[in-house]
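The structure under discussion appears below in the form of structure tokens.
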Amino acid sequence: MRSVFFLSLMNSDSWGGSEEIWFRSAIHLAQKGVKVAVCYFNWPAKQDKLDQLTNAGCELYPLAGRNETTSPWKKMKLKRAIQKLPLENYDEVIINQGGWKDIVHGPLKSVHRRCKNYSVVYHNYDREKLSPGKKQLFIKWVRKAKMNIGDAARIFSEIAKTNSVLIPNQRVLFNPITFTAPTHYTPFVNSVNDNLNFIVLAQLDLKRKAQDILIKALSAEKWKARKWQLHIYGKGSDAGTLANLIETAGLSEKVYLKGYSYDIPAVLTWSHVVLQLTHIDAMPISVTEAMAMSRPVIGSNVGDMPLWINDDVNGWIANEVSAVAIDGVLEKAWQNRYNLEAMGKESFDIFTKKYPADPVTYFLDIAGISEIRPDEQRI
């Protein structure tokens, strides 16, 4: 393999979990002597990541960020910029989507025609039904793709269910966790006042992440009378709304908005149970990170979370995202609070069995991008 072009289509935020796999893969290949180019939507907050890519030897092609692509004229400039990308000059193109249908929108519609070989990566799903025109374009994209790679198997089954499109050449990746996984169990830390410590690691986006319904469930009088704390980590446009909900519910001394954390292992060490009770998710990194740190997880029945969380073994699954259903699974955690550390060990065991030793090389293998051979090394 001599050259790879990574095209990242996420433009809803500066960075997210869906960016890690292509980012680490690009650095890995560049350090192995492969010619690597990266195209991305340019946000100022990306600078640290861009410096790392540059230092590894990647060539960068920035596109205008979201705030610069709102008018028809700016969208035309974006289309021209994408048309100028040297995709034809690369042996492989990896197109990384933050969702599942980015490839059928705007200036991306004809990109597939210009690639020798390409794979498409899918990081989420919803139940939107594509228009007839976009559906036909989507079919062209997926049928021509060398590989269609999702971060959850459920992405493909949901697309088949909602749009009657059977996607060929399916593979499932493992998103890299953001720290080096421990090699042994991580013990619980005794909490202040014998509190049960819940934690949420997710963007503050109520439409997708449902922190408001979690607050509603915890506002019941029985929960107010118990010893627990909930720390919510993340940033997002709904921070103000969530702060008001916490105050109105009378939970200001139990629920805390902690902002974004750069030290996930420390946060997880403090916690006893990790909550991922969301409306929309494929396979959240927060779940695998919690399991790597020997923590039980309570999740919702979305994406591939039920494949990782086993009821009464290493956590619980809520069959719907409602205050009643969430209360039910939280109650199970409360009644089993003296068994949670043992359940966390089960999480660690499941993680070590299912998660690959190196998710980056695993991804490159399923994308058909093998390591460069010694006789191909560039001098």
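Every chain in the structure tokens takes a letter, A first, then B, and so on in the order presented; its residues are numbered from 1, and the ligands are numbered from 1 following the presented order.
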- Expected answer as number ranges by chain: strand (DSSP E or B) residues in stretch 6-174 of chain A: A: 6-8, 35-42, 59-64, 92-96, 118-122, 147-150, 170-172
Given the selection you just returned, output its residues as a file containing C-alpha atoms, formatted as a PDB file, in the first residue's frame.
```
ATOM      1  CA  PHE A   6      -8.776  10.171   4.658  1.00  0.00           C
ATOM      2  CA  LEU A   7     -11.865  12.340   4.092  1.00  0.00           C
ATOM      3  CA  SER A   8     -13.619  13.273   7.346  1.00  0.00           C
ATOM      4  CA  LYS A  35       1.838   8.578   1.877  1.00  0.00           C
ATOM      5  CA  VAL A  36      -1.168   9.942   3.789  1.00  0.00           C
ATOM      6  CA  ALA A  37      -3.449  12.908   3.137  1.00  0.00           C
ATOM      7  CA  VAL A  38      -6.279  14.130   5.336  1.00  0.00           C
ATOM      8  CA  CYS A  39      -9.208  16.356   4.408  1.00  0.00           C
ATOM      9  CA  TYR A  40     -11.363  17.768   7.223  1.00  0.00           C
ATOM     10  CA  PHE A  41     -13.721  20.592   8.118  1.00  0.00           C
ATOM     11  CA  ASN A  42     -11.595  23.244   9.738  1.00  0.00           C
ATOM     12  CA  GLU A  59      -0.582  16.297   4.073  1.00  0.00           C
ATOM     13  CA  LEU A  60      -3.587  18.374   5.131  1.00  0.00           C
ATOM     14  CA  TYR A  61      -6.513  19.676   3.057  1.00  0.00           C
ATOM     15  CA  PRO A  62      -8.770  21.914   5.191  1.00  0.00           C
ATOM     16  CA  LEU A  63     -12.359  22.684   4.234  1.00  0.00           C
ATOM     17  CA  ALA A  64     -14.436  25.575   5.538  1.00  0.00           C
ATOM     18  CA  GLU A  92      -7.295   4.056  -1.151  1.00  0.00           C
ATOM     19  CA  VAL A  93      -9.795   6.617   0.130  1.00  0.00           C
ATOM     20  CA  ILE A  94     -11.409   6.269   3.560  1.00  0.00           C
ATOM     21  CA  ILE A  95     -14.583   8.351   3.881  1.00  0.00           C
ATOM     22  CA  ASN A  96     -15.445   8.792   7.543  1.00  0.00           C
ATOM     23  CA  TYR A 118     -12.843   3.622  -1.265  1.00  0.00           C
ATOM     24  CA  SER A 119     -14.414   2.451   1.960  1.00  0.00           C
ATOM     25  CA  VAL A 120     -17.212   4.230   3.810  1.00  0.00           C
ATOM     26  CA  VAL A 121     -17.317   4.420   7.612  1.00  0.00           C
ATOM     27  CA  TYR A 122     -20.622   4.842   9.497  1.00  0.00           C
ATOM     28  CA  MET A 147     -15.920  -1.993   2.386  1.00  0.00           C
ATOM     29  CA  ASN A 148     -18.798  -0.522   4.401  1.00  0.00           C
ATOM     30  CA  ILE A 149     -17.590  -0.272   7.985  1.00  0.00           C
ATOM     31  CA  GLY A 150     -19.835   0.622  10.923  1.00  0.00           C
ATOM     32  CA  GLN A 170     -20.193  -5.031   5.931  1.00  0.00           C
ATOM     33  CA  ARG A 171     -17.610  -4.892   8.679  1.00  0.00           C
ATOM     34  CA  VAL A 172     -17.741  -3.628  12.267  1.00  0.00           C
TER      35      VAL A 172
END
```
- Name the residues in contact with stretch 194-198 of chain A at a cut-off of 12 Å, using only C-alpha atoms, excluding same-chain residues fewer than 3 positions from it; report them as an NGL selection string. :A and (188-191 or 201 or 214 or 218 or 223 or 225-233 or 254-256 or 267-276 or 290 or 295-298 or 330-331 or 333-341)
For the selection just defined, write its residues with N, CA and C atoms to a file, as a short mmCIF file (atom, residue, chain, number, x, y, z; two decimals), in the first residue's frame.
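Now in again.cif:
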```
data_model
loop_
_atom_site.label_atom_id
_atom_site.label_comp_id
_atom_site.auth_asym_id
_atom_site.auth_seq_id
_atom_site.Cartn_x
_atom_site.Cartn_y
_atom_site.Cartn_z
N PHE A 188 -12.81 -0.11 43.17
CA PHE A 188 -13.66 1.02 43.53
C PHE A 188 -12.95 1.90 44.56
N VAL A 189 -13.28 3.18 44.52
CA VAL A 189 -12.81 4.12 45.53
C VAL A 189 -13.97 4.39 46.48
N ASN A 190 -13.71 4.28 47.77
CA ASN A 190 -14.76 4.56 48.75
C ASN A 190 -15.26 5.98 48.60
N SER A 191 -16.56 6.16 48.57
CA SER A 191 -17.14 7.48 48.35
C SER A 191 -17.36 8.22 49.66
N LEU A 201 -21.01 10.38 30.62
CA LEU A 201 -20.02 10.96 29.72
C LEU A 201 -20.66 11.07 28.34
N LEU A 214 -33.23 11.46 32.33
CA LEU A 214 -32.52 10.94 33.50
C LEU A 214 -32.79 11.82 34.73
N LEU A 218 -34.66 10.82 38.35
CA LEU A 218 -34.00 11.00 39.63
C LEU A 218 -34.67 12.05 40.53
N TRP A 223 -35.63 8.94 45.37
CA TRP A 223 -34.23 9.18 45.02
C TRP A 223 -33.67 10.37 45.80
N ALA A 225 -34.26 11.05 48.75
CA ALA A 225 -34.01 10.60 50.13
C ALA A 225 -32.78 9.69 50.24
N ARG A 226 -32.21 9.29 49.10
CA ARG A 226 -31.09 8.34 49.11
C ARG A 226 -29.75 9.05 48.96
N LYS A 227 -28.68 8.32 49.29
CA LYS A 227 -27.33 8.86 49.20
C LYS A 227 -26.71 8.50 47.84
N TRP A 228 -26.64 9.46 46.97
CA TRP A 228 -26.03 9.26 45.66
C TRP A 228 -25.62 10.62 45.09
N GLN A 229 -24.77 10.58 44.12
CA GLN A 229 -24.41 11.76 43.33
C GLN A 229 -24.35 11.37 41.87
N LEU A 230 -24.66 12.32 41.01
CA LEU A 230 -24.53 12.14 39.57
C LEU A 230 -23.66 13.26 39.03
N HIS A 231 -22.57 12.91 38.40
CA HIS A 231 -21.70 13.87 37.74
C HIS A 231 -21.86 13.71 36.23
N ILE A 232 -22.24 14.78 35.58
CA ILE A 232 -22.46 14.77 34.13
C ILE A 232 -21.30 15.49 33.46
N TYR A 233 -20.53 14.75 32.66
CA TYR A 233 -19.38 15.32 31.96
C TYR A 233 -19.73 15.50 30.48
N LYS A 254 -27.13 17.15 44.37
CA LYS A 254 -26.91 15.76 44.00
C LYS A 254 -26.40 15.59 42.57
N VAL A 255 -26.78 16.50 41.69
CA VAL A 255 -26.42 16.39 40.27
C VAL A 255 -25.53 17.59 39.90
N TYR A 256 -24.38 17.29 39.28
CA TYR A 256 -23.40 18.33 38.98
C TYR A 256 -22.98 18.28 37.51
N VAL A 267 -11.86 10.19 36.20
CA VAL A 267 -13.31 10.34 36.36
C VAL A 267 -13.96 8.98 36.59
N LEU A 268 -13.55 7.99 35.82
CA LEU A 268 -14.13 6.65 35.95
C LEU A 268 -13.73 5.98 37.26
N THR A 269 -12.53 6.24 37.73
CA THR A 269 -12.10 5.68 39.00
C THR A 269 -12.99 6.17 40.15
N TRP A 270 -13.41 7.42 40.06
CA TRP A 270 -14.30 7.99 41.09
C TRP A 270 -15.69 7.36 41.06
N SER A 271 -16.11 6.90 39.89
CA SER A 271 -17.50 6.47 39.71
C SER A 271 -17.72 5.04 40.18
N HIS A 272 -19.01 4.69 40.35
CA HIS A 272 -19.41 3.32 40.65
C HIS A 272 -20.24 2.71 39.51
N VAL A 273 -21.00 3.54 38.81
CA VAL A 273 -21.83 3.08 37.69
C VAL A 273 -21.78 4.14 36.60
N VAL A 274 -21.61 3.71 35.35
CA VAL A 274 -21.62 4.62 34.21
C VAL A 274 -22.97 4.49 33.50
N LEU A 275 -23.59 5.63 33.20
CA LEU A 275 -24.91 5.65 32.58
C LEU A 275 -24.81 6.12 31.13
N GLN A 276 -25.42 5.37 30.23
CA GLN A 276 -25.49 5.77 28.82
C GLN A 276 -26.92 5.51 28.34
N ALA A 290 -15.67 2.61 30.12
CA ALA A 290 -16.13 2.22 31.46
C ALA A 290 -15.78 0.76 31.75
N ARG A 295 -15.97 -0.91 35.38
CA ARG A 295 -17.18 -0.29 35.90
C ARG A 295 -18.41 -0.90 35.24
N PRO A 296 -19.46 -1.19 36.03
CA PRO A 296 -20.72 -1.64 35.43
C PRO A 296 -21.36 -0.49 34.66
N VAL A 297 -22.19 -0.84 33.69
CA VAL A 297 -22.80 0.15 32.80
C VAL A 297 -24.30 -0.07 32.72
N ILE A 298 -25.03 1.03 32.77
CA ILE A 298 -26.47 0.99 32.50
C ILE A 298 -26.70 1.72 31.19
N LEU A 330 -32.18 1.98 37.33
CA LEU A 330 -31.45 2.60 38.43
C LEU A 330 -31.78 1.92 39.77
N GLU A 331 -33.03 1.52 39.91
CA GLU A 331 -33.43 0.81 41.13
C GLU A 331 -32.67 -0.51 41.26
N ALA A 333 -29.69 -1.07 40.15
CA ALA A 333 -28.34 -0.72 40.58
C ALA A 333 -28.31 -0.42 42.07
N TRP A 334 -29.34 0.30 42.55
CA TRP A 334 -29.39 0.63 43.97
C TRP A 334 -29.50 -0.62 44.84
N GLN A 335 -30.36 -1.53 44.44
CA GLN A 335 -30.55 -2.75 45.23
C GLN A 335 -29.31 -3.65 45.17
N ASN A 336 -28.50 -3.49 44.14
CA ASN A 336 -27.28 -4.30 44.00
C ASN A 336 -26.02 -3.48 44.27
N ARG A 337 -26.15 -2.37 44.99
CA ARG A 337 -25.02 -1.46 45.15
C ARG A 337 -23.81 -2.09 45.83
N TYR A 338 -24.02 -3.13 46.66
CA TYR A 338 -22.89 -3.76 47.32
C TYR A 338 -22.27 -4.88 46.45
N ASN A 339 -22.84 -5.07 45.27
CA ASN A 339 -22.32 -6.07 44.34
C ASN A 339 -21.74 -5.42 43.08
N LEU A 340 -21.75 -4.08 43.05
CA LEU A 340 -21.36 -3.37 41.83
C LEU A 340 -19.88 -3.54 41.50
N GLU A 341 -19.03 -3.62 42.49
CA GLU A 341 -17.61 -3.79 42.19
C GLU A 341 -17.36 -5.13 41.51
#
```
- Message: With DSSP run on the backbone, what are the helix (DSSP H, G or I) residues within stretch 238-373 of chain A? I'd like them as number ranges by chain.
- Response: A: 239-248, 264-270, 285-292, 305-308, 323-335, 337-354, 359-366
- Task: For atom CA of A:Gly133 and atom CA of A:Ile167, quote the distance in Å rounded to one decimal.
- Result: 17.2 Å
- Item | Spatial neighbours of A:Ala160, 12 Å, only C-alpha atoms, chain gap at least 6 places, as a ChimeraX atom specification | /A:125-130,135,139,153-154,166-168
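The environment of stretch 248-253 of chain A within 8 Å, counting only C-alpha atoms and disregarding residues fewer than 2 places along the same chain, consists of Ile215, Lys216, Ser219, Lys224, Asn244, Leu245, Ile246, Val255 and Tyr256 of chain A.
Computed from the coordinates, the atom CA of A:Gly315 to atom CA of A:Val329 distance equals 8.9 Å.
One finds atom CA of A:Gly98 at 18.5 Å from atom CA of A:Pro44.
Proximity of A:Tyr185, A:Phe156, A:Phe174, A:Trp316 to A:Thr361, computed with only C-alpha atoms, is greatest for A:Phe174.
Comparing A:Met10, A:Val200, A:Lys84, A:Phe23 by their smallest distance to A:Trp100, the closest is A:Met10 (using only C-alpha atoms).
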